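Participant: Contents of my_file_0.txt (compact mmCIF, C-alpha atoms) are given next:
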# COMPACT_ATOMS: atom_id res chain seq x y z
CA MET A 1 4.52 14.32 -15.89
CA ALA A 2 7.57 15.97 -17.36
CA TYR A 3 8.77 17.40 -14.06
CA THR A 4 9.74 14.11 -12.48
CA ALA A 5 11.54 10.94 -13.50
CA GLU A 6 9.67 8.71 -15.96
CA SER A 7 10.59 5.53 -14.10
CA ILE A 8 9.09 6.90 -10.87
CA GLU A 9 5.82 7.38 -12.76
CA GLN A 10 6.01 3.85 -14.11
CA LEU A 11 6.60 2.36 -10.66
CA ALA A 12 3.78 4.48 -9.21
CA GLU A 13 1.47 3.04 -11.89
CA GLN A 14 2.44 -0.46 -10.78
CA PHE A 15 1.69 0.31 -7.14
CA ALA A 16 -1.60 1.97 -8.11
CA GLN A 17 -2.97 -1.26 -9.59
CA LEU A 18 -2.78 -2.93 -6.16
CA PRO A 19 -6.06 -2.99 -4.22
CA GLY A 20 -6.57 -0.06 -1.84
CA ILE A 21 -3.65 1.97 -3.16
CA GLY A 22 -4.62 5.24 -4.80
CA ARG A 23 -2.62 7.49 -7.11
CA LYS A 24 -1.14 9.68 -4.37
CA THR A 25 -0.13 6.76 -2.15
CA ALA A 26 1.36 4.97 -5.17
CA HIS A 27 3.50 8.03 -5.84
CA ARG A 28 4.63 8.19 -2.24
CA LEU A 29 5.59 4.51 -2.32
CA ALA A 30 7.55 4.94 -5.55
CA LEU A 31 9.53 7.80 -3.99
CA PHE A 32 10.12 5.63 -0.91
CA VAL A 33 11.57 2.89 -3.11
CA LEU A 34 13.99 5.48 -4.48
CA LYS A 35 15.35 5.94 -0.95
CA MET A 36 15.79 2.20 -0.36
CA SER A 37 19.20 0.65 -0.97
CA ARG A 38 19.87 -1.21 -4.20
CA GLU A 39 20.05 -4.51 -2.26
CA GLU A 40 16.66 -3.93 -0.64
CA VAL A 41 15.04 -3.12 -3.98
CA ASP A 42 16.57 -6.23 -5.54
CA ARG A 43 15.22 -8.32 -2.67
CA PHE A 44 11.76 -6.79 -3.21
CA ALA A 45 11.81 -7.45 -6.97
CA HIS A 46 13.02 -11.00 -6.35
CA ALA A 47 10.25 -11.66 -3.80
CA LEU A 48 7.66 -10.53 -6.37
CA VAL A 49 8.88 -12.86 -9.11
CA ASN A 50 9.41 -15.66 -6.59
CA VAL A 51 5.73 -15.71 -5.67
CA LYS A 52 4.77 -16.42 -9.25
CA GLU A 53 7.53 -18.98 -9.69
CA LYS A 54 7.20 -21.01 -6.52
CA VAL A 55 3.64 -20.73 -5.31
CA ARG A 56 1.16 -23.30 -6.60
CA TYR A 57 -2.20 -24.63 -5.44
CA CYS A 58 -2.41 -27.74 -3.29
CA SER A 59 -3.92 -30.56 -5.40
CA VAL A 60 -5.96 -31.69 -2.39
CA CYS A 61 -7.34 -28.57 -0.68
CA SER A 62 -6.48 -25.82 -3.25
CA ASN A 63 -4.72 -23.71 -0.61
CA ILE A 64 -1.57 -21.95 -1.78
CA THR A 65 1.64 -23.82 -1.10
CA GLU A 66 5.19 -24.34 -2.33
CA HIS A 67 5.03 -28.11 -1.90
CA ASP A 68 2.17 -30.26 -3.13
CA PRO A 69 0.30 -31.51 -1.10
CA CYS A 70 0.45 -28.56 1.30
CA SER A 71 1.78 -28.71 4.85
CA ILE A 72 -1.72 -29.09 6.31
CA CYS A 73 -2.88 -31.86 3.97
CA SER A 74 0.37 -33.76 4.45
CA ASN A 75 0.48 -33.33 8.24
CA PRO A 76 -0.27 -36.71 9.89
CA LYS A 77 -1.31 -34.95 13.11
CA ARG A 78 -4.31 -33.21 11.52
CA ASP A 79 -7.75 -34.61 12.17
CA ARG A 80 -8.79 -36.14 8.83
CA VAL A 81 -12.50 -36.47 9.59
CA MET A 82 -13.30 -32.75 9.35
CA ILE A 83 -13.01 -30.34 6.44
CA CYS A 84 -13.40 -26.61 6.91
CA VAL A 85 -14.54 -24.92 3.68
CA VAL A 86 -13.32 -21.33 3.15
CA GLN A 87 -13.35 -18.84 0.30
CA GLU A 88 -9.72 -17.77 0.06
CA PRO A 89 -6.22 -18.74 1.27
CA HIS A 90 -6.17 -15.81 3.73
CA ASP A 91 -9.22 -17.35 5.44
CA VAL A 92 -7.10 -20.44 6.17
CA ILE A 93 -4.53 -18.18 7.83
CA ALA A 94 -7.26 -16.50 9.93
CA ILE A 95 -8.65 -19.83 11.15
CA GLU A 96 -5.21 -21.32 11.81
CA ARG A 97 -4.41 -18.29 13.99
CA THR A 98 -7.19 -19.31 16.40
CA ASN A 99 -5.44 -22.64 17.07
CA ASP A 100 -8.94 -24.09 17.55
CA PHE A 101 -9.25 -26.17 14.41
CA LYS A 102 -7.16 -29.28 13.82
CA GLY A 103 -8.94 -30.67 10.76
CA LEU A 104 -8.34 -30.16 7.04
CA PHE A 105 -9.29 -27.26 4.77
CA HIS A 106 -10.87 -26.79 1.39
CA VAL A 107 -10.36 -23.47 -0.40
CA LEU A 108 -13.20 -22.70 -2.84
CA GLY A 109 -11.47 -19.78 -4.53
CA GLY A 110 -14.37 -17.38 -3.96
CA ALA A 111 -18.13 -17.39 -3.43
CA LEU A 112 -21.08 -17.63 -5.80
CA SER A 113 -21.81 -14.21 -7.26
CA PRO A 114 -24.00 -14.12 -10.37
CA LEU A 115 -23.50 -10.36 -10.70
CA ASP A 116 -19.73 -10.81 -10.97
CA GLY A 117 -20.19 -13.81 -13.24
CA VAL A 118 -18.98 -16.32 -10.64
CA GLY A 119 -20.97 -19.55 -10.98
CA PRO A 120 -20.54 -23.01 -9.39
CA GLU A 121 -18.15 -24.10 -12.16
CA ASP A 122 -15.75 -21.26 -11.24
CA LEU A 123 -15.32 -22.55 -7.68
CA ARG A 124 -13.66 -25.79 -6.54
CA ILE A 125 -17.02 -27.39 -5.66
CA LYS A 126 -16.61 -30.60 -7.67
CA GLU A 127 -13.37 -31.31 -5.79
CA LEU A 128 -15.11 -30.63 -2.47
CA LEU A 129 -17.91 -33.11 -3.26
CA GLN A 130 -15.31 -35.73 -4.16
CA ARG A 131 -13.50 -35.23 -0.86
CA ALA A 132 -16.75 -35.15 1.13
CA SER A 133 -17.83 -38.52 -0.26
CA GLN A 134 -14.72 -40.24 1.11
CA SER A 135 -15.74 -42.63 3.89
CA GLU A 136 -13.52 -41.11 6.63
CA ILE A 137 -15.08 -37.64 6.40
CA GLU A 138 -17.56 -37.02 9.22
CA GLU A 139 -18.15 -33.26 9.20
CA ILE A 140 -17.93 -30.39 6.73
CA ILE A 141 -17.75 -26.95 8.40
CA LEU A 142 -18.80 -24.12 6.08
CA ALA A 143 -16.82 -21.00 7.03
CA LEU A 144 -17.73 -18.55 4.28
CA ASN A 145 -18.01 -14.80 4.68
CA PRO A 146 -21.25 -13.67 6.39
CA ASN A 147 -22.40 -11.58 3.43
CA VAL A 148 -24.87 -12.14 0.58
CA GLU A 149 -22.44 -14.14 -1.59
CA GLY A 150 -21.18 -16.22 1.35
CA GLU A 151 -24.72 -16.99 2.52
CA ALA A 152 -25.83 -18.05 -0.96
CA THR A 153 -22.78 -20.30 -1.31
CA THR A 154 -23.38 -21.80 2.14
CA LEU A 155 -26.97 -22.73 1.21
CA TYR A 156 -25.90 -24.05 -2.19
CA LEU A 157 -23.15 -26.22 -0.72
CA SER A 158 -25.26 -27.57 2.14
CA LYS A 159 -27.86 -28.77 -0.38
CA LEU A 160 -25.18 -30.61 -2.33
CA LEU A 161 -23.37 -32.01 0.72
CA LYS A 162 -26.24 -33.29 2.86
CA PRO A 163 -27.25 -36.10 0.43
CA LEU A 164 -23.70 -37.48 0.80
CA GLY A 165 -24.56 -38.47 4.38
CA VAL A 166 -22.00 -36.13 5.94
CA LYS A 167 -22.70 -33.75 8.84
CA VAL A 168 -22.76 -30.19 7.50
CA THR A 169 -22.31 -27.24 9.88
CA ARG A 170 -21.66 -23.52 9.51
CA ILE A 171 -19.72 -21.15 11.76
CA ALA A 172 -21.84 -19.06 14.10
CA ARG A 173 -23.02 -15.56 13.33
CA GLY A 174 -23.46 -13.25 16.30
CA LEU A 175 -21.99 -10.34 18.18
CA PRO A 176 -18.22 -9.94 17.78
CA VAL A 177 -16.29 -10.37 21.04
CA GLY A 178 -15.61 -6.98 22.65
CA SER A 179 -18.41 -5.20 20.77
CA ASP A 180 -21.38 -3.31 22.16
CA LEU A 181 -24.87 -4.80 21.86
CA GLU A 182 -26.17 -1.25 21.51
CA TYR A 183 -24.24 -0.69 18.29
CA ALA A 184 -24.85 -4.09 16.69
CA ASP A 185 -26.78 -3.96 13.42
CA GLN A 186 -30.20 -5.55 13.28
CA ALA A 187 -29.22 -8.53 11.13
CA THR A 188 -26.30 -9.46 13.41
CA LEU A 189 -28.49 -9.17 16.51
CA SER A 190 -31.17 -11.34 14.87
CA ARG A 191 -28.58 -14.02 14.14
CA ALA A 192 -27.18 -13.77 17.66
CA LEU A 193 -30.64 -14.34 19.16
CA GLU A 194 -31.35 -17.16 16.75
CA GLY A 195 -28.06 -18.83 17.57
CA ARG A 196 -28.38 -18.54 21.37
CA VAL A 197 -26.87 -21.41 23.37
CA ALA A 198 -27.52 -22.73 26.88
CA VAL A 199 -25.19 -21.46 29.61
CA MET B 1 3.60 -19.49 9.26
CA ALA B 2 3.66 -23.07 8.15
CA TYR B 3 0.13 -23.05 6.77
CA THR B 4 0.85 -20.84 3.78
CA ALA B 5 3.55 -20.51 1.14
CA GLU B 6 6.91 -19.24 2.38
CA SER B 7 7.37 -16.93 -0.61
CA ILE B 8 4.03 -15.24 0.12
CA GLU B 9 5.33 -14.47 3.61
CA GLN B 10 8.56 -13.10 2.17
CA LEU B 11 6.73 -10.83 -0.26
CA ALA B 12 4.37 -9.67 2.51
CA GLU B 13 7.43 -8.71 4.56
CA GLN B 14 8.68 -6.62 1.65
CA PHE B 15 5.35 -4.81 1.33
CA ALA B 16 5.18 -4.29 5.10
CA GLN B 17 8.39 -2.22 5.08
CA LEU B 18 6.70 0.41 2.87
CA PRO B 19 5.30 3.42 4.73
CA GLY B 20 1.64 3.15 5.76
CA ILE B 21 1.35 -0.56 4.95
CA GLY B 22 0.67 -2.78 7.95
CA ARG B 23 1.04 -6.53 8.31
CA LYS B 24 -2.49 -7.41 7.23
CA THR B 25 -2.48 -5.13 4.19
CA ALA B 26 0.95 -6.47 3.22
CA HIS B 27 -0.48 -9.97 3.29
CA ARG B 28 -3.45 -8.97 1.19
CA LEU B 29 -1.15 -7.34 -1.38
CA ALA B 30 1.07 -10.44 -1.56
CA LEU B 31 -1.97 -12.61 -2.24
CA PHE B 32 -3.09 -10.12 -4.89
CA VAL B 33 0.29 -10.44 -6.62
CA LEU B 34 -0.30 -14.19 -6.74
CA LYS B 35 -3.41 -13.54 -8.85
CA MET B 36 -1.58 -11.22 -11.26
CA SER B 37 -0.25 -12.68 -14.52
CA ARG B 38 3.42 -13.56 -14.81
CA GLU B 39 3.90 -10.67 -17.30
CA GLU B 40 2.36 -8.15 -14.92
CA VAL B 41 4.56 -9.31 -12.05
CA ASP B 42 7.65 -9.13 -14.25
CA ARG B 43 6.70 -5.59 -15.24
CA PHE B 44 6.29 -4.66 -11.57
CA ALA B 45 9.66 -6.17 -10.60
CA HIS B 46 11.31 -4.43 -13.54
CA ALA B 47 9.78 -1.06 -12.60
CA LEU B 48 11.21 -1.45 -9.07
CA VAL B 49 14.75 -2.14 -10.22
CA ASN B 50 14.46 0.50 -12.95
CA VAL B 51 13.89 3.25 -10.41
CA LYS B 52 17.19 2.48 -8.71
CA GLU B 53 19.01 2.14 -12.01
CA LYS B 54 17.76 5.17 -13.91
CA VAL B 55 16.76 7.80 -11.39
CA ARG B 56 19.41 10.24 -10.24
CA TYR B 57 19.43 13.69 -8.68
CA CYS B 58 19.66 16.81 -10.84
CA SER B 59 23.09 18.38 -10.30
CA VAL B 60 21.49 21.86 -10.31
CA CYS B 61 18.27 21.62 -8.27
CA SER B 62 18.60 18.13 -6.68
CA ASN B 63 15.17 17.08 -7.93
CA ILE B 64 14.89 13.48 -9.13
CA THR B 65 15.40 13.01 -12.84
CA GLU B 66 16.56 10.55 -15.47
CA HIS B 67 18.54 13.16 -17.39
CA ASP B 68 20.92 15.62 -15.77
CA PRO B 69 20.15 18.54 -15.63
CA CYS B 70 16.43 17.84 -15.13
CA SER B 71 13.66 18.88 -17.51
CA ILE B 72 12.86 21.99 -15.44
CA CYS B 73 16.46 23.24 -15.08
CA SER B 74 17.15 22.65 -18.78
CA ASN B 75 13.88 24.21 -20.00
CA PRO B 76 14.68 27.58 -21.67
CA LYS B 77 11.08 28.75 -21.10
CA ARG B 78 11.36 28.71 -17.30
CA ASP B 79 11.83 32.00 -15.51
CA ARG B 80 15.44 31.91 -14.28
CA VAL B 81 15.16 34.77 -11.80
CA MET B 82 13.13 32.86 -9.20
CA ILE B 83 13.96 29.76 -7.19
CA CYS B 84 11.30 27.95 -5.18
CA VAL B 85 12.87 26.00 -2.29
CA VAL B 86 11.04 22.79 -1.26
CA GLN B 87 11.79 19.86 1.01
CA GLU B 88 11.20 16.85 -1.23
CA PRO B 89 10.69 15.90 -4.91
CA HIS B 90 6.95 15.33 -4.36
CA ASP B 91 6.65 18.99 -3.33
CA VAL B 92 7.91 19.95 -6.81
CA ILE B 93 5.12 17.83 -8.29
CA ALA B 94 2.53 19.50 -6.05
CA ILE B 95 3.65 23.01 -7.03
CA GLU B 96 3.91 22.14 -10.73
CA ARG B 97 0.30 20.90 -10.63
CA THR B 98 -0.86 24.43 -9.78
CA ASN B 99 0.57 25.74 -13.09
CA ASP B 100 1.19 29.00 -11.21
CA PHE B 101 4.95 28.89 -10.91
CA LYS B 102 7.25 29.21 -13.90
CA GLY B 103 10.58 29.62 -12.11
CA LEU B 104 13.20 27.09 -11.01
CA PHE B 105 13.25 24.77 -8.00
CA HIS B 106 15.70 23.76 -5.32
CA VAL B 107 15.06 20.52 -3.43
CA LEU B 108 16.61 20.57 0.06
CA GLY B 109 16.10 16.88 0.77
CA GLY B 110 14.29 17.49 4.08
CA ALA B 111 14.01 20.04 6.85
CA LEU B 112 16.13 20.83 9.90
CA SER B 113 15.21 18.45 12.70
CA PRO B 114 17.70 18.19 15.57
CA LEU B 115 15.65 15.40 17.21
CA ASP B 116 16.01 13.24 14.10
CA GLY B 117 19.66 14.21 13.74
CA VAL B 118 19.08 16.31 10.62
CA GLY B 119 21.39 19.33 10.67
CA PRO B 120 22.21 21.99 8.02
CA GLU B 121 25.01 19.81 6.60
CA ASP B 122 22.45 17.05 5.79
CA LEU B 123 20.42 19.34 3.52
CA ARG B 124 21.44 20.89 0.19
CA ILE B 125 21.84 24.35 1.73
CA LYS B 126 25.38 25.08 0.51
CA GLU B 127 24.20 24.45 -3.07
CA LEU B 128 21.22 26.77 -2.53
CA LEU B 129 23.46 29.59 -1.28
CA GLN B 130 25.69 29.16 -4.33
CA ARG B 131 22.71 29.38 -6.68
CA ALA B 132 21.20 32.32 -4.78
CA SER B 133 24.40 34.36 -5.14
CA GLN B 134 24.26 34.20 -8.95
CA SER B 135 23.57 37.68 -10.32
CA GLU B 136 20.37 36.78 -12.27
CA ILE B 137 18.49 35.46 -9.21
CA GLU B 138 15.95 38.02 -7.94
CA GLU B 139 13.73 36.06 -5.59
CA ILE B 140 13.90 32.95 -3.43
CA ILE B 141 10.49 31.56 -2.45
CA LEU B 142 10.61 29.33 0.63
CA ALA B 143 7.89 26.67 0.28
CA LEU B 144 8.61 24.35 3.21
CA ASN B 145 6.01 22.44 5.19
CA PRO B 146 4.06 24.58 7.69
CA ASN B 147 5.17 22.52 10.71
CA VAL B 148 7.87 22.97 13.38
CA GLU B 149 10.72 21.62 11.24
CA GLY B 150 9.63 23.55 8.15
CA GLU B 151 9.29 26.80 10.13
CA ALA B 152 12.73 26.38 11.71
CA THR B 153 14.27 25.71 8.30
CA THR B 154 12.47 28.73 6.80
CA LEU B 155 13.90 31.03 9.49
CA TYR B 156 17.36 29.49 9.19
CA LEU B 157 17.44 29.86 5.39
CA SER B 158 16.06 33.40 5.38
CA LYS B 159 18.88 34.47 7.73
CA LEU B 160 21.47 32.99 5.37
CA LEU B 161 19.85 34.25 2.17
CA LYS B 162 19.04 37.88 3.04
CA PRO B 163 22.70 39.00 3.29
CA LEU B 164 23.14 37.86 -0.35
CA GLY B 165 20.94 40.79 -1.44
CA VAL B 166 18.18 38.58 -2.84
CA LYS B 167 14.46 38.98 -2.11
CA VAL B 168 13.33 36.18 0.21
CA THR B 169 9.63 35.27 0.49
CA ARG B 170 7.65 32.41 1.96
CA ILE B 171 4.35 30.90 0.83
CA ALA B 172 1.28 32.09 2.74
CA ARG B 173 -0.21 30.27 5.70
CA GLY B 174 -3.95 30.62 6.14
CA LEU B 175 -7.26 28.88 5.76
CA PRO B 176 -7.32 26.13 3.14
CA VAL B 177 -9.71 26.84 0.25
CA GLY B 178 -13.08 25.17 0.85
CA SER B 179 -12.57 24.82 4.61
CA ASP B 180 -14.73 26.16 7.44
CA LEU B 181 -13.46 29.07 9.53
CA GLU B 182 -15.32 27.52 12.48
CA TYR B 183 -13.16 24.39 12.36
CA ALA B 184 -9.80 26.04 11.69
CA ASP B 185 -7.23 25.51 14.44
CA GLN B 186 -6.03 28.52 16.40
CA ALA B 187 -2.54 28.65 14.87
CA THR B 188 -3.87 28.59 11.30
CA LEU B 189 -6.42 31.30 12.09
CA SER B 190 -3.71 33.47 13.71
CA ARG B 191 -1.57 33.14 10.56
CA ALA B 192 -4.55 33.87 8.34
CA LEU B 193 -5.28 37.11 10.26
CA GLU B 194 -1.62 38.09 10.23
CA GLY B 195 -1.37 37.50 6.49
CA ARG B 196 -4.55 39.40 5.56
CA VAL B 197 -4.47 41.22 2.23
CA ALA B 198 -6.44 44.16 0.84
CA VAL B 199 -9.47 43.30 -1.32
So, in terms of structure tokens, how does the structure I just supplied come out?
Facilitator:
Amino acid sequence: MAYTAESIEQLAEQFAQLPGIGRKTAHRLALFVLKMSREEVDRFAHALVNVKEKVRYCSVCSNITEHDPCSICSNPKRDRVMICVVQEPHDVIAIERTNDFKGLFHVLGGALSPLDGVGPEDLRIKELLQRASQSEIEEIILALNPNVEGEATTLYLSKLLKPLGVKVTRIARGLPVGSDLEYADQATLSRALEGRVAV
Amino acid sequence: MAYTAESIEQLAEQFAQLPGIGRKTAHRLALFVLKMSREEVDRFAHALVNVKEKVRYCSVCSNITEHDPCSICSNPKRDRVMICVVQEPHDVIAIERTNDFKGLFHVLGGALSPLDGVGPEDLRIKELLQRASQSEIEEIILALNPNVEGEATTLYLSKLLKPLGVKVTRIARGLPVGSDLEYADQATLSRALEGRVAV
């Protein structure tokens, strides 16, 4: 576009490649950056590069960290008999926010998805099996997303893990807290009935 | 948050200061950056800094540009008898996209808003009056946002501009193309009736 600054267009292009940011929003963000102070923009640019420079994957659980092993794996207060298996690092954050889990994590890096070309060798499954066969491990909690890919991965992993003599569980599927039974979809309601517990 | 990388948190904070990006989205974007290649991240960081380094305001119309005067003000093919007054640089882009205006622009840098502490001295009004008093200028088109601030600024500017002997117009308010009359709000419908034209 000849009627605006070339570098604004270039920055807008960069924003537009981020997930969930369309062309118009990208443009708005680029113009916002123009109004930020030079120091703020430098801090932003530095934070971007910093992520690539400092962040690595924990050699034990594959979560993102700046120090290997990560703060969870190296924390002596964590319960070392349980491993919670999740798809992505942000799932670790979500579970930690509940303050209800004191065990260790294992980040798979995704879920099985043949359509997207994600097979078992693309996930950190081998590493999980190694950890699960350690004598101190008593339970593996599968906390994958409750969608087709997550379900398939849950079944796949439970078949591999059970022969190791470890207890394998999965997080419950049911009605979200604060929701209306009336508006629940059929699949969720089926799972909620199936997973009913004594009161 | 101790259970993730510090630099991810720092980058998320940077994203969260952008307009329309909340804490969760900021986090998602930071994790996305982690998956980008080092080259892509460097390009992004460079584009950010570049905007602050290269972009300046056109000394004639105050639009953003890398070369002063901007490509519109320095284009000999533009019609130099008309000036379209807008609030922000993105409004210039919107009007240019229509391909219906071949005159010059004047970017005010906002609209009068006493509640936000924006008075006439905060906008490029003095510069507009100077340009409007040049002998070749025949028409000033006020294209401010159709909200309270834009309306107030339109009235304020028209009072200042009319004594200069220049024709002052404003863009039409009415029903958006493709909308339903049934769902139009009362104010828009009133303006549409008021601005009716012969067919």
Participant: Taking 4 positions as the minimum chain separation for residues in the same chain, which residues sit within 9 Å of B:Pro114 when counting all atoms listed in the file? Answer as a ChimeraX atom specification.
Facilitator: /B:118-119,149
Participant: Should the cut-off be 6 Å, what would the residue list for chain A against chain B look like, counting all atoms listed in the file, as a list of chain:residue names?
Facilitator: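 For chain A, the answer reads A:Thr4, A:Ala5, A:Ser7, A:Leu11, A:Gln14, A:Phe44, A:Ala45, A:Ala47, A:Val51, A:Thr65, A:Glu66.
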Participant: Go through B:Val168, B:Val85, B:Leu189, B:Leu108 one by one, measure the shortest atom-to-atom distance of each to B:Glu138 using only C-alpha atoms, and give the residue with the smallest value.
Facilitator: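 Among the listed residues, the smallest separation from B:Glu138 belongs to B:Val168.
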Participant: So which residues touch A:Gln130 within 12 Å, counting only C-alpha atoms, skipping near sequence neighbours fewer than 5 positions away, as number ranges by chain?
Facilitator: A: 60-61, 106, 124-125, 135, 137, 160-161, 164
Participant: To one decimal place, how far is atom CA of A:Thr169 from atom CA of A:Ser62 in Å?
Facilitator: 20.6 Å
Participant: If we count only C-alpha atoms, what is near B:Ile171 at a cut-off of 9 Å, once residues fewer than 3 positions away on the same chain are taken out, given as a list of chain:residue names?
Facilitator: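 The neighbour list is B:Ile141, B:Leu142, B:Ala143, B:Leu144.
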Participant: So what do you get for atom CA of A:Ala172 versus atom CA of A:Gly195, distance-wise?
Facilitator: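 Going from atom CA of A:Ala172 over to atom CA of A:Gly195 covers 7.1 Å.
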Participant: In Å to one decimal, how far is atom CA of B:Glu194 from atom CA of B:Gly109?
Facilitator: 29.2 Å
Participant: Measuring atom to atom with only C-alpha atoms, identify which of A:Ser74, A:Ser158, A:Pro69, A:Asn147 is nearest to A:Thr188.
Facilitator: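 That would be A:Asn147, the residue with the smallest distance to A:Thr188.
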